[in-house]
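To start, the structure itself, in structure tokens.
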Amino acid sequence: MYRKENTTTATEFIILGFPEFPDLQIPLFLLFLLIYLIILLGNLTIITVTCLNPRLHTPMYFFLCNLSLIDISSTSVTLPKLLDIFLRKNQRISVNGCFMQVYFFLLSVCIEFFLLSAMAYDRYVAICHPLHYVVIMNWNVCVLIVAGLWIVGFLDPMTYTVFLSSFSYCRSNIINHFFCDISALLKLSCTSTSTVDHINYILGSFVVMPCILSTFVSYVYIISTILKIRSAEGRRKAFSTCSAHLTVLILFYGTLVCSYIRPTSTQSLEQNKLFAVMYNALIPMFNPIIYSLRNQEVKKGIAKLFTRKLFSRDQKTIFSVQLHGKR
């Protein structure tokens, strides 16, 4: 049984993980290890294929590479600690380590919000203004967009993290979650959470809602343009270029809005933990699958990459056999 500390200054936190399943810790370790490896392999494949295939050196795949990088980063912030909890029962984390985890998690979420909006705008220009696409979405613009969202992503979570670190955590040092989640930390705080609620509404008003609204407006124009295309084949091709992105948008926005854009008093830790598994593990795992399965260019690029590797290996084998034959 865990001991609750009544001190106002906690020196460490205890992350419970999934205590609801005490007999399934090793199977859960294997499951999340498999998910983490799939995330790494899938997203690194997307990055590698995009970098090596000149045909994929376009704004859409440039944004997709950044999305894969963010998915790797966000899961690497949370899942390794969870795997350590499953395997070694190492549930302790320092206060500084906990707030660093909060900061880098928020950083990845902020960047992904902006990045998905930029990808929606890219699809809007490609479908609604195809003749001006090269001029509007030139490389200078794309680099500036990505650089800007990374800079804002680094700066935006600082205020939130500073406020959290200044709170008193006197109720307990036990976090009923699998990482230092904001909602779980606030449940332990003796300090009024009204300030955090206000920050939530400010961030929701100036960050989340503009991203969602701009994405929504982009897709309203995209869908209306697609419906005006006369041929069924043309409509199918146009929709296939944005269907993968739309699927990812619905999953990501839906889970995060349900988790955080609510007053802390109405949040359930059990529900938040379920949503956290979705946006921390399942969505980053499905992103490469969604984009590769629904995108012919990515599938061709992956096939070309593996064919090149097999061909290179066969050439080395043939050369080695011929060399030994001459000897």
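A note on labels: chains of the structure tokens are A, B, ... as shown, every chain counts residues from 1, and ligands are counted from 1 in their shown order.
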Please, which residues in segment 18-137 of chain A fall within 10 Å of segment 211-232 of chain A when counting only C-alpha atoms, and what is the closest atom pair and distance in Å to one decimal for each, ordered by chain then residue number, as CSV?
residue,atom,partner,partner_atom,distance
A:Phe113,CA,A:Cys211,CA,6.6
A:Phe114,CA,A:Cys211,CA,6.4
A:Leu115,CA,A:Cys211,CA,9.2
A:Leu116,CA,A:Thr215,CA,7.9
A:Ser117,CA,A:Thr215,CA,5.3
A:Ala118,CA,A:Thr215,CA,8.2
A:Met119,CA,A:Thr215,CA,8.7
A:Ala120,CA,A:Thr215,CA,5.6
A:Tyr121,CA,A:Ser218,CA,6.0
A:Asp122,CA,A:Ser218,CA,9.1
A:Arg123,CA,A:Ile222,CA,7.7
A:Tyr124,CA,A:Ser218,CA,5.5
A:Val125,CA,A:Ile222,CA,8.8
A:Ala126,CA,A:Ile222,CA,9.2
A:Ile127,CA,A:Ile222,CA,6.4
A:Cys128,CA,A:Thr225,CA,6.2
A:His129,CA,A:Thr225,CA,9.8
Please provide as a short mmCIF file (atom, residue, chain, number, x, y, z; two decimals) with N, CA and C atoms, in the first residue's frame all residues within 8 Å of Ser94 of chain A, with the sequence filter that same-chain residues fewer than 6 positions apart are discarded (counting only C-alpha atoms).
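Output file result-v3.cif follows:
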data_model
loop_
_atom_site.label_atom_id
_atom_site.label_comp_id
_atom_site.auth_asym_id
_atom_site.auth_seq_id
_atom_site.Cartn_x
_atom_site.Cartn_y
_atom_site.Cartn_z
N THR A 11 9.06 15.91 -3.05
CA THR A 11 10.38 15.77 -3.66
C THR A 11 10.35 14.79 -4.83
N GLU A 12 9.32 13.96 -4.88
CA GLU A 12 9.17 13.01 -5.97
C GLU A 12 7.70 12.62 -6.09
N PHE A 13 7.35 12.06 -7.21
CA PHE A 13 6.01 11.53 -7.43
C PHE A 13 6.10 10.04 -7.71
#
Report summary line: Pairwise distance, atom CA of Asp84 of chain A with atom CA of Phe18 of chain A, equals 12.4 Å
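Within the 12 Å cut-off around Lys81 of chain A, using only C-alpha atoms and omitting residues fewer than 4 positions from it on the same chain, the listed residues are A:Ile14, A:Ile15, A:Leu16, A:Gly17, A:Phe29, A:Phe32, A:Leu33, A:Tyr36, A:Thr75, A:Ser76, A:Val77, A:Ile85, A:Phe86, A:Leu87, A:Arg88, A:Lys89, A:Asn90, A:Gln91, A:Arg92, A:Ile93, A:Gly97, A:Cys98, A:Gln101, A:His177, A:Phe178, A:Phe179, A:Cys180.
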Query - Distance of atom CA of Thr255 of chain A from atom CA of Leu83 of chain A, expressed in Å to one decimal place - result: 22.6 Å
Using DSSP on the backbone coordinates, identify all residues within segment 51-173 of chain A classified as alpha helix (DSSP H); present the result as a compact mmCIF listing (two decimals) with N, CA, C and O atoms, in the first residue's frame.
# COMPACT_ATOMS: atom_id res chain seq x y z
N CYS A 51 12.97 11.30 -47.40
CA CYS A 51 14.28 11.91 -47.64
C CYS A 51 14.98 11.31 -48.85
O CYS A 51 15.66 12.02 -49.59
N LEU A 52 14.82 10.00 -49.07
CA LEU A 52 15.55 9.32 -50.14
C LEU A 52 14.86 9.36 -51.50
O LEU A 52 15.51 9.15 -52.52
N PRO A 59 5.89 19.94 -50.35
CA PRO A 59 5.45 20.47 -49.06
C PRO A 59 4.66 19.48 -48.22
O PRO A 59 4.86 19.40 -47.00
N MET A 60 3.76 18.70 -48.86
CA MET A 60 2.94 17.77 -48.10
C MET A 60 3.79 16.76 -47.35
O MET A 60 3.56 16.49 -46.16
N TYR A 61 4.80 16.21 -48.01
CA TYR A 61 5.64 15.20 -47.37
C TYR A 61 6.66 15.83 -46.43
O TYR A 61 7.13 15.18 -45.48
N PHE A 62 7.00 17.08 -46.67
CA PHE A 62 7.83 17.82 -45.72
C PHE A 62 7.10 17.97 -44.39
O PHE A 62 7.67 17.75 -43.31
N PHE A 63 5.81 18.33 -44.45
CA PHE A 63 5.00 18.40 -43.24
C PHE A 63 4.82 17.02 -42.62
O PHE A 63 4.83 16.87 -41.38
N LEU A 64 4.64 16.00 -43.45
CA LEU A 64 4.45 14.64 -42.95
C LEU A 64 5.70 14.16 -42.20
O LEU A 64 5.58 13.47 -41.18
N CYS A 65 6.88 14.52 -42.69
CA CYS A 65 8.13 14.17 -41.99
C CYS A 65 8.16 14.80 -40.59
O CYS A 65 8.57 14.16 -39.62
N ASN A 66 7.75 16.05 -40.51
CA ASN A 66 7.70 16.72 -39.21
C ASN A 66 6.68 16.08 -38.29
O ASN A 66 6.91 15.96 -37.08
N LEU A 67 5.55 15.64 -38.85
CA LEU A 67 4.55 14.94 -38.05
C LEU A 67 5.11 13.64 -37.51
O LEU A 67 4.89 13.29 -36.33
N SER A 68 5.83 12.90 -38.33
CA SER A 68 6.45 11.65 -37.87
C SER A 68 7.48 11.92 -36.78
O SER A 68 7.57 11.16 -35.80
N LEU A 69 8.24 12.99 -36.92
CA LEU A 69 9.23 13.36 -35.91
C LEU A 69 8.55 13.70 -34.58
O LEU A 69 9.01 13.29 -33.50
N ILE A 70 7.43 14.41 -34.66
CA ILE A 70 6.68 14.76 -33.45
C ILE A 70 6.09 13.52 -32.80
O ILE A 70 6.10 13.38 -31.56
N ASP A 71 5.58 12.58 -33.60
CA ASP A 71 5.02 11.34 -33.04
C ASP A 71 6.09 10.53 -32.31
O ASP A 71 5.84 9.97 -31.24
N ILE A 72 7.29 10.47 -32.88
CA ILE A 72 8.39 9.78 -32.22
C ILE A 72 8.74 10.48 -30.91
O ILE A 72 8.94 9.84 -29.86
N SER A 73 8.80 11.81 -30.95
CA SER A 73 9.18 12.59 -29.77
C SER A 73 8.16 12.46 -28.64
O SER A 73 8.53 12.24 -27.48
N SER A 74 6.88 12.58 -28.99
CA SER A 74 5.84 12.56 -27.96
C SER A 74 5.76 11.21 -27.27
O SER A 74 5.61 11.13 -26.04
N THR A 75 5.87 10.13 -28.04
CA THR A 75 5.81 8.80 -27.42
C THR A 75 7.08 8.49 -26.64
O THR A 75 7.03 7.79 -25.62
N SER A 76 8.21 9.03 -27.08
CA SER A 76 9.47 8.80 -26.36
C SER A 76 9.51 9.54 -25.02
O SER A 76 10.32 9.22 -24.15
N VAL A 77 8.64 10.53 -24.86
CA VAL A 77 8.54 11.25 -23.59
C VAL A 77 7.81 10.40 -22.54
O VAL A 77 8.15 10.46 -21.35
N THR A 78 6.85 9.60 -22.96
CA THR A 78 5.96 8.92 -22.01
C THR A 78 6.13 7.40 -21.95
O THR A 78 6.14 6.81 -20.88
N LEU A 79 6.25 6.74 -23.10
CA LEU A 79 6.21 5.28 -23.12
C LEU A 79 7.43 4.61 -22.47
O LEU A 79 7.25 3.57 -21.81
N PRO A 80 8.68 5.09 -22.64
CA PRO A 80 9.79 4.43 -21.96
C PRO A 80 9.61 4.34 -20.44
O PRO A 80 9.95 3.33 -19.83
N LYS A 81 9.10 5.40 -19.82
CA LYS A 81 8.85 5.37 -18.37
C LYS A 81 7.77 4.34 -18.03
O LYS A 81 7.88 3.61 -17.04
N LEU A 82 6.73 4.26 -18.86
CA LEU A 82 5.68 3.28 -18.63
C LEU A 82 6.24 1.86 -18.74
O LEU A 82 5.91 0.99 -17.92
N LEU A 83 7.09 1.61 -19.71
CA LEU A 83 7.72 0.29 -19.86
C LEU A 83 8.58 -0.04 -18.64
O LEU A 83 8.62 -1.20 -18.20
N ASP A 84 9.26 0.96 -18.10
CA ASP A 84 10.07 0.77 -16.89
C ASP A 84 9.18 0.41 -15.71
O ASP A 84 9.55 -0.42 -14.86
N ILE A 85 8.00 1.04 -15.63
CA ILE A 85 7.06 0.73 -14.54
C ILE A 85 6.57 -0.71 -14.66
O ILE A 85 6.50 -1.45 -13.66
N PHE A 86 6.23 -1.13 -15.86
CA PHE A 86 5.76 -2.50 -16.06
C PHE A 86 6.83 -3.53 -15.71
O PHE A 86 6.55 -4.53 -15.05
N LEU A 87 8.06 -3.29 -16.16
CA LEU A 87 9.11 -4.30 -16.06
C LEU A 87 9.81 -4.31 -14.71
O LEU A 87 10.00 -5.37 -14.11
N ARG A 88 10.21 -3.12 -14.23
CA ARG A 88 11.02 -3.05 -13.01
C ARG A 88 10.27 -2.47 -11.81
O ARG A 88 10.86 -2.32 -10.74
N VAL A 95 10.52 15.41 -8.99
CA VAL A 95 9.63 16.53 -9.30
C VAL A 95 10.08 17.22 -10.59
O VAL A 95 9.26 17.50 -11.48
N ASN A 96 11.38 17.47 -10.70
CA ASN A 96 11.90 18.11 -11.91
C ASN A 96 11.68 17.23 -13.14
O ASN A 96 11.34 17.72 -14.22
N GLY A 97 11.89 15.93 -12.98
CA GLY A 97 11.66 15.00 -14.08
C GLY A 97 10.21 14.99 -14.51
O GLY A 97 9.90 14.90 -15.71
N CYS A 98 9.32 15.08 -13.54
CA CYS A 98 7.88 15.09 -13.83
C CYS A 98 7.49 16.33 -14.62
O CYS A 98 6.78 16.25 -15.63
N PHE A 99 7.97 17.50 -14.18
CA PHE A 99 7.61 18.73 -14.89
C PHE A 99 8.30 18.84 -16.24
O PHE A 99 7.76 19.44 -17.18
N MET A 100 9.47 18.23 -16.38
CA MET A 100 10.11 18.16 -17.70
C MET A 100 9.26 17.31 -18.64
O MET A 100 9.10 17.64 -19.83
N GLN A 101 8.70 16.22 -18.10
CA GLN A 101 7.83 15.37 -18.91
C GLN A 101 6.58 16.13 -19.34
O GLN A 101 6.15 16.04 -20.50
N VAL A 102 6.01 16.91 -18.41
CA VAL A 102 4.86 17.75 -18.74
C VAL A 102 5.20 18.74 -19.85
O VAL A 102 4.45 18.89 -20.82
N TYR A 103 6.35 19.40 -19.71
CA TYR A 103 6.75 20.42 -20.69
C TYR A 103 6.91 19.81 -22.08
O TYR A 103 6.36 20.34 -23.06
N PHE A 104 7.65 18.72 -22.20
CA PHE A 104 7.90 18.15 -23.52
C PHE A 104 6.66 17.50 -24.11
O PHE A 104 6.49 17.48 -25.34
N PHE A 105 5.77 17.01 -23.25
CA PHE A 105 4.50 16.49 -23.76
C PHE A 105 3.66 17.63 -24.34
O PHE A 105 3.12 17.51 -25.45
N LEU A 106 3.55 18.74 -23.60
CA LEU A 106 2.80 19.91 -24.09
C LEU A 106 3.42 20.47 -25.36
O LEU A 106 2.72 20.91 -26.27
N LEU A 107 4.75 20.47 -25.40
CA LEU A 107 5.47 20.95 -26.58
C LEU A 107 5.05 20.16 -27.82
O LEU A 107 4.72 20.73 -28.87
N SER A 108 5.05 18.85 -27.72
CA SER A 108 4.69 18.01 -28.86
C SER A 108 3.23 18.19 -29.25
O SER A 108 2.89 18.21 -30.44
N VAL A 109 2.35 18.36 -28.26
CA VAL A 109 0.93 18.57 -28.55
C VAL A 109 0.71 19.89 -29.28
O VAL A 109 -0.03 19.96 -30.27
N CYS A 110 1.35 20.97 -28.79
CA CYS A 110 1.21 22.29 -29.42
C CYS A 110 1.71 22.26 -30.86
O CYS A 110 1.03 22.76 -31.77
N ILE A 111 2.88 21.67 -31.07
CA ILE A 111 3.43 21.62 -32.42
C ILE A 111 2.52 20.82 -33.34
O ILE A 111 2.30 21.20 -34.50
N GLU A 112 1.97 19.72 -32.83
CA GLU A 112 1.11 18.89 -33.68
C GLU A 112 -0.18 19.63 -34.04
O GLU A 112 -0.67 19.50 -35.17
N PHE A 113 -0.73 20.40 -33.12
CA PHE A 113 -1.92 21.20 -33.43
C PHE A 113 -1.64 22.15 -34.59
O PHE A 113 -2.39 22.21 -35.56
N PHE A 114 -0.54 22.90 -34.50
CA PHE A 114 -0.19 23.85 -35.55
C PHE A 114 0.14 23.13 -36.85
O PHE A 114 -0.22 23.58 -37.94
N LEU A 115 0.84 22.00 -36.74
CA LEU A 115 1.28 21.28 -37.93
C LEU A 115 0.09 20.71 -38.70
O LEU A 115 0.05 20.78 -39.94
N LEU A 116 -0.89 20.16 -37.99
CA LEU A 116 -2.07 19.61 -38.66
C LEU A 116 -2.87 20.72 -39.36
O LEU A 116 -3.44 20.50 -40.42
N SER A 117 -2.87 21.92 -38.76
CA SER A 117 -3.54 23.05 -39.41
C SER A 117 -2.79 23.46 -40.67
O SER A 117 -3.41 23.77 -41.70
N ALA A 118 -1.45 23.46 -40.60
CA ALA A 118 -0.65 23.79 -41.78
C ALA A 118 -0.85 22.77 -42.88
O ALA A 118 -0.93 23.12 -44.07
N MET A 119 -0.98 21.50 -42.51
CA MET A 119 -1.21 20.45 -43.51
C MET A 119 -2.60 20.60 -44.14
O MET A 119 -2.78 20.34 -45.34
N ALA A 120 -3.58 21.04 -43.35
CA ALA A 120 -4.92 21.28 -43.90
C ALA A 120 -4.88 22.43 -44.90
O ALA A 120 -5.51 22.36 -45.96
N TYR A 121 -4.15 23.49 -44.57
CA TYR A 121 -4.02 24.62 -45.49
C TYR A 121 -3.30 24.19 -46.77
O TYR A 121 -3.68 24.62 -47.88
N ASP A 122 -2.29 23.34 -46.63
CA ASP A 122 -1.57 22.82 -47.80
C ASP A 122 -2.51 22.07 -48.72
O ASP A 122 -2.47 22.23 -49.95
N ARG A 123 -3.38 21.24 -48.15
CA ARG A 123 -4.36 20.49 -48.96
C ARG A 123 -5.38 21.43 -49.60
O ARG A 123 -5.84 21.21 -50.73
N TYR A 124 -5.75 22.49 -48.86
CA TYR A 124 -6.69 23.48 -49.40
C TYR A 124 -6.11 24.15 -50.64
O TYR A 124 -6.79 24.27 -51.68
N VAL A 125 -4.85 24.58 -50.56
CA VAL A 125 -4.21 25.24 -51.71
C VAL A 125 -4.06 24.25 -52.87
O VAL A 125 -4.31 24.60 -54.03
N ALA A 126 -3.67 23.00 -52.56
CA ALA A 126 -3.45 22.00 -53.61
C ALA A 126 -4.73 21.67 -54.38
O ALA A 126 -4.70 21.47 -55.60
N ILE A 127 -5.87 21.63 -53.69
CA ILE A 127 -7.13 21.22 -54.32
C ILE A 127 -7.92 22.42 -54.84
O ILE A 127 -8.48 22.37 -55.94
N CYS A 128 -7.93 23.51 -54.10
CA CYS A 128 -8.75 24.67 -54.49
C CYS A 128 -8.00 25.64 -55.41
O CYS A 128 -8.64 26.36 -56.19
N TYR A 133 -0.40 26.59 -56.67
CA TYR A 133 0.15 25.83 -55.54
C TYR A 133 1.66 26.04 -55.39
O TYR A 133 2.17 26.30 -54.29
N VAL A 134 2.40 25.94 -56.49
CA VAL A 134 3.86 26.05 -56.43
C VAL A 134 4.29 27.43 -55.96
O VAL A 134 5.29 27.59 -55.25
N VAL A 135 3.51 28.46 -56.33
CA VAL A 135 3.85 29.83 -55.94
C VAL A 135 3.52 30.06 -54.46
O VAL A 135 4.33 30.63 -53.71
N ILE A 136 2.32 29.62 -54.05
CA ILE A 136 1.88 29.87 -52.67
C ILE A 136 2.67 29.02 -51.68
O ILE A 136 3.18 29.52 -50.67
N TRP A 139 9.12 26.61 -51.10
CA TRP A 139 9.93 26.06 -50.01
C TRP A 139 10.22 27.09 -48.93
O TRP A 139 10.29 26.74 -47.74
N ASN A 140 10.38 28.35 -49.30
CA ASN A 140 10.62 29.39 -48.29
C ASN A 140 9.45 29.50 -47.33
O ASN A 140 9.63 29.60 -46.10
N VAL A 141 8.23 29.46 -47.88
CA VAL A 141 7.03 29.54 -47.04
C VAL A 141 6.94 28.32 -46.13
O VAL A 141 6.65 28.44 -44.92
N CYS A 142 7.18 27.12 -46.67
CA CYS A 142 7.08 25.89 -45.88
C CYS A 142 8.09 25.86 -44.74
O CYS A 142 7.76 25.49 -43.60
N VAL A 143 9.32 26.28 -45.02
CA VAL A 143 10.36 26.31 -43.98
C VAL A 143 10.00 27.33 -42.91
O VAL A 143 10.17 27.06 -41.70
N LEU A 144 9.48 28.49 -43.31
CA LEU A 144 9.07 29.50 -42.33
C LEU A 144 7.92 29.00 -41.46
O LEU A 144 7.91 29.24 -40.24
N ILE A 145 6.95 28.32 -42.07
CA ILE A 145 5.82 27.76 -41.30
C ILE A 145 6.32 26.77 -40.27
O ILE A 145 5.96 26.84 -39.08
N VAL A 146 7.15 25.83 -40.70
CA VAL A 146 7.64 24.79 -39.78
C VAL A 146 8.54 25.39 -38.70
O VAL A 146 8.42 25.03 -37.51
N ALA A 147 9.41 26.32 -39.08
CA ALA A 147 10.27 26.97 -38.08
C ALA A 147 9.43 27.74 -37.07
O ALA A 147 9.69 27.69 -35.85
N GLY A 148 8.40 28.44 -37.56
CA GLY A 148 7.52 29.20 -36.67
C GLY A 148 6.77 28.32 -35.69
O GLY A 148 6.70 28.63 -34.49
N LEU A 149 6.22 27.21 -36.17
CA LEU A 149 5.44 26.36 -35.26
C LEU A 149 6.34 25.65 -34.25
O LEU A 149 5.93 25.40 -33.11
N TRP A 150 7.59 25.34 -34.63
CA TRP A 150 8.52 24.76 -33.66
C TRP A 150 8.90 25.78 -32.59
O TRP A 150 8.98 25.45 -31.40
N ILE A 151 9.12 27.04 -33.00
CA ILE A 151 9.48 28.09 -32.03
C ILE A 151 8.32 28.33 -31.06
O ILE A 151 8.50 28.38 -29.83
N VAL A 152 7.10 28.48 -31.61
CA VAL A 152 5.92 28.69 -30.76
C VAL A 152 5.70 27.47 -29.87
O VAL A 152 5.33 27.59 -28.69
N GLY A 153 5.93 26.27 -30.43
CA GLY A 153 5.76 25.04 -29.65
C GLY A 153 6.70 24.98 -28.46
O GLY A 153 6.32 24.48 -27.39
N PHE A 154 7.92 25.50 -28.61
CA PHE A 154 8.87 25.52 -27.50
C PHE A 154 8.49 26.57 -26.45
O PHE A 154 8.68 26.36 -25.24
N LEU A 155 7.94 27.71 -26.89
CA LEU A 155 7.65 28.81 -25.97
C LEU A 155 6.30 28.65 -25.28
O LEU A 155 6.16 29.00 -24.10
N ASP A 156 5.31 28.13 -25.99
CA ASP A 156 3.93 28.11 -25.49
C ASP A 156 3.75 27.33 -24.18
O ASP A 156 3.06 27.79 -23.29
N PRO A 157 4.36 26.13 -24.01
CA PRO A 157 4.12 25.37 -22.78
C PRO A 157 4.85 25.91 -21.55
O PRO A 157 4.60 25.42 -20.44
N MET A 158 5.72 26.90 -21.72
CA MET A 158 6.52 27.36 -20.58
C MET A 158 5.66 27.93 -19.46
O MET A 158 5.84 27.62 -18.28
N THR A 159 4.69 28.78 -19.83
CA THR A 159 3.82 29.40 -18.83
C THR A 159 3.05 28.35 -18.05
O THR A 159 2.97 28.38 -16.81
N TYR A 160 2.50 27.39 -18.78
CA TYR A 160 1.72 26.31 -18.16
C TYR A 160 2.60 25.53 -17.18
O TYR A 160 2.19 25.25 -16.04
N THR A 161 3.80 25.17 -17.62
CA THR A 161 4.68 24.36 -16.79
C THR A 161 5.14 25.13 -15.55
O THR A 161 5.23 24.56 -14.45
N VAL A 162 5.42 26.43 -15.70
CA VAL A 162 5.84 27.26 -14.56
C VAL A 162 4.72 27.34 -13.53
O VAL A 162 4.97 27.22 -12.31
N PHE A 163 3.49 27.51 -13.97
CA PHE A 163 2.35 27.55 -13.04
C PHE A 163 2.21 26.23 -12.29
O PHE A 163 2.03 26.20 -11.07
N LEU A 164 2.32 25.12 -13.02
CA LEU A 164 2.20 23.81 -12.38
C LEU A 164 3.29 23.58 -11.34
O LEU A 164 3.05 23.03 -10.27
N SER A 165 4.50 23.99 -11.67
CA SER A 165 5.63 23.76 -10.76
C SER A 165 5.54 24.64 -9.50
O SER A 165 6.17 24.32 -8.48
N SER A 166 4.77 25.73 -9.56
CA SER A 166 4.63 26.61 -8.39
C SER A 166 3.52 26.17 -7.44
O SER A 166 3.40 26.72 -6.35
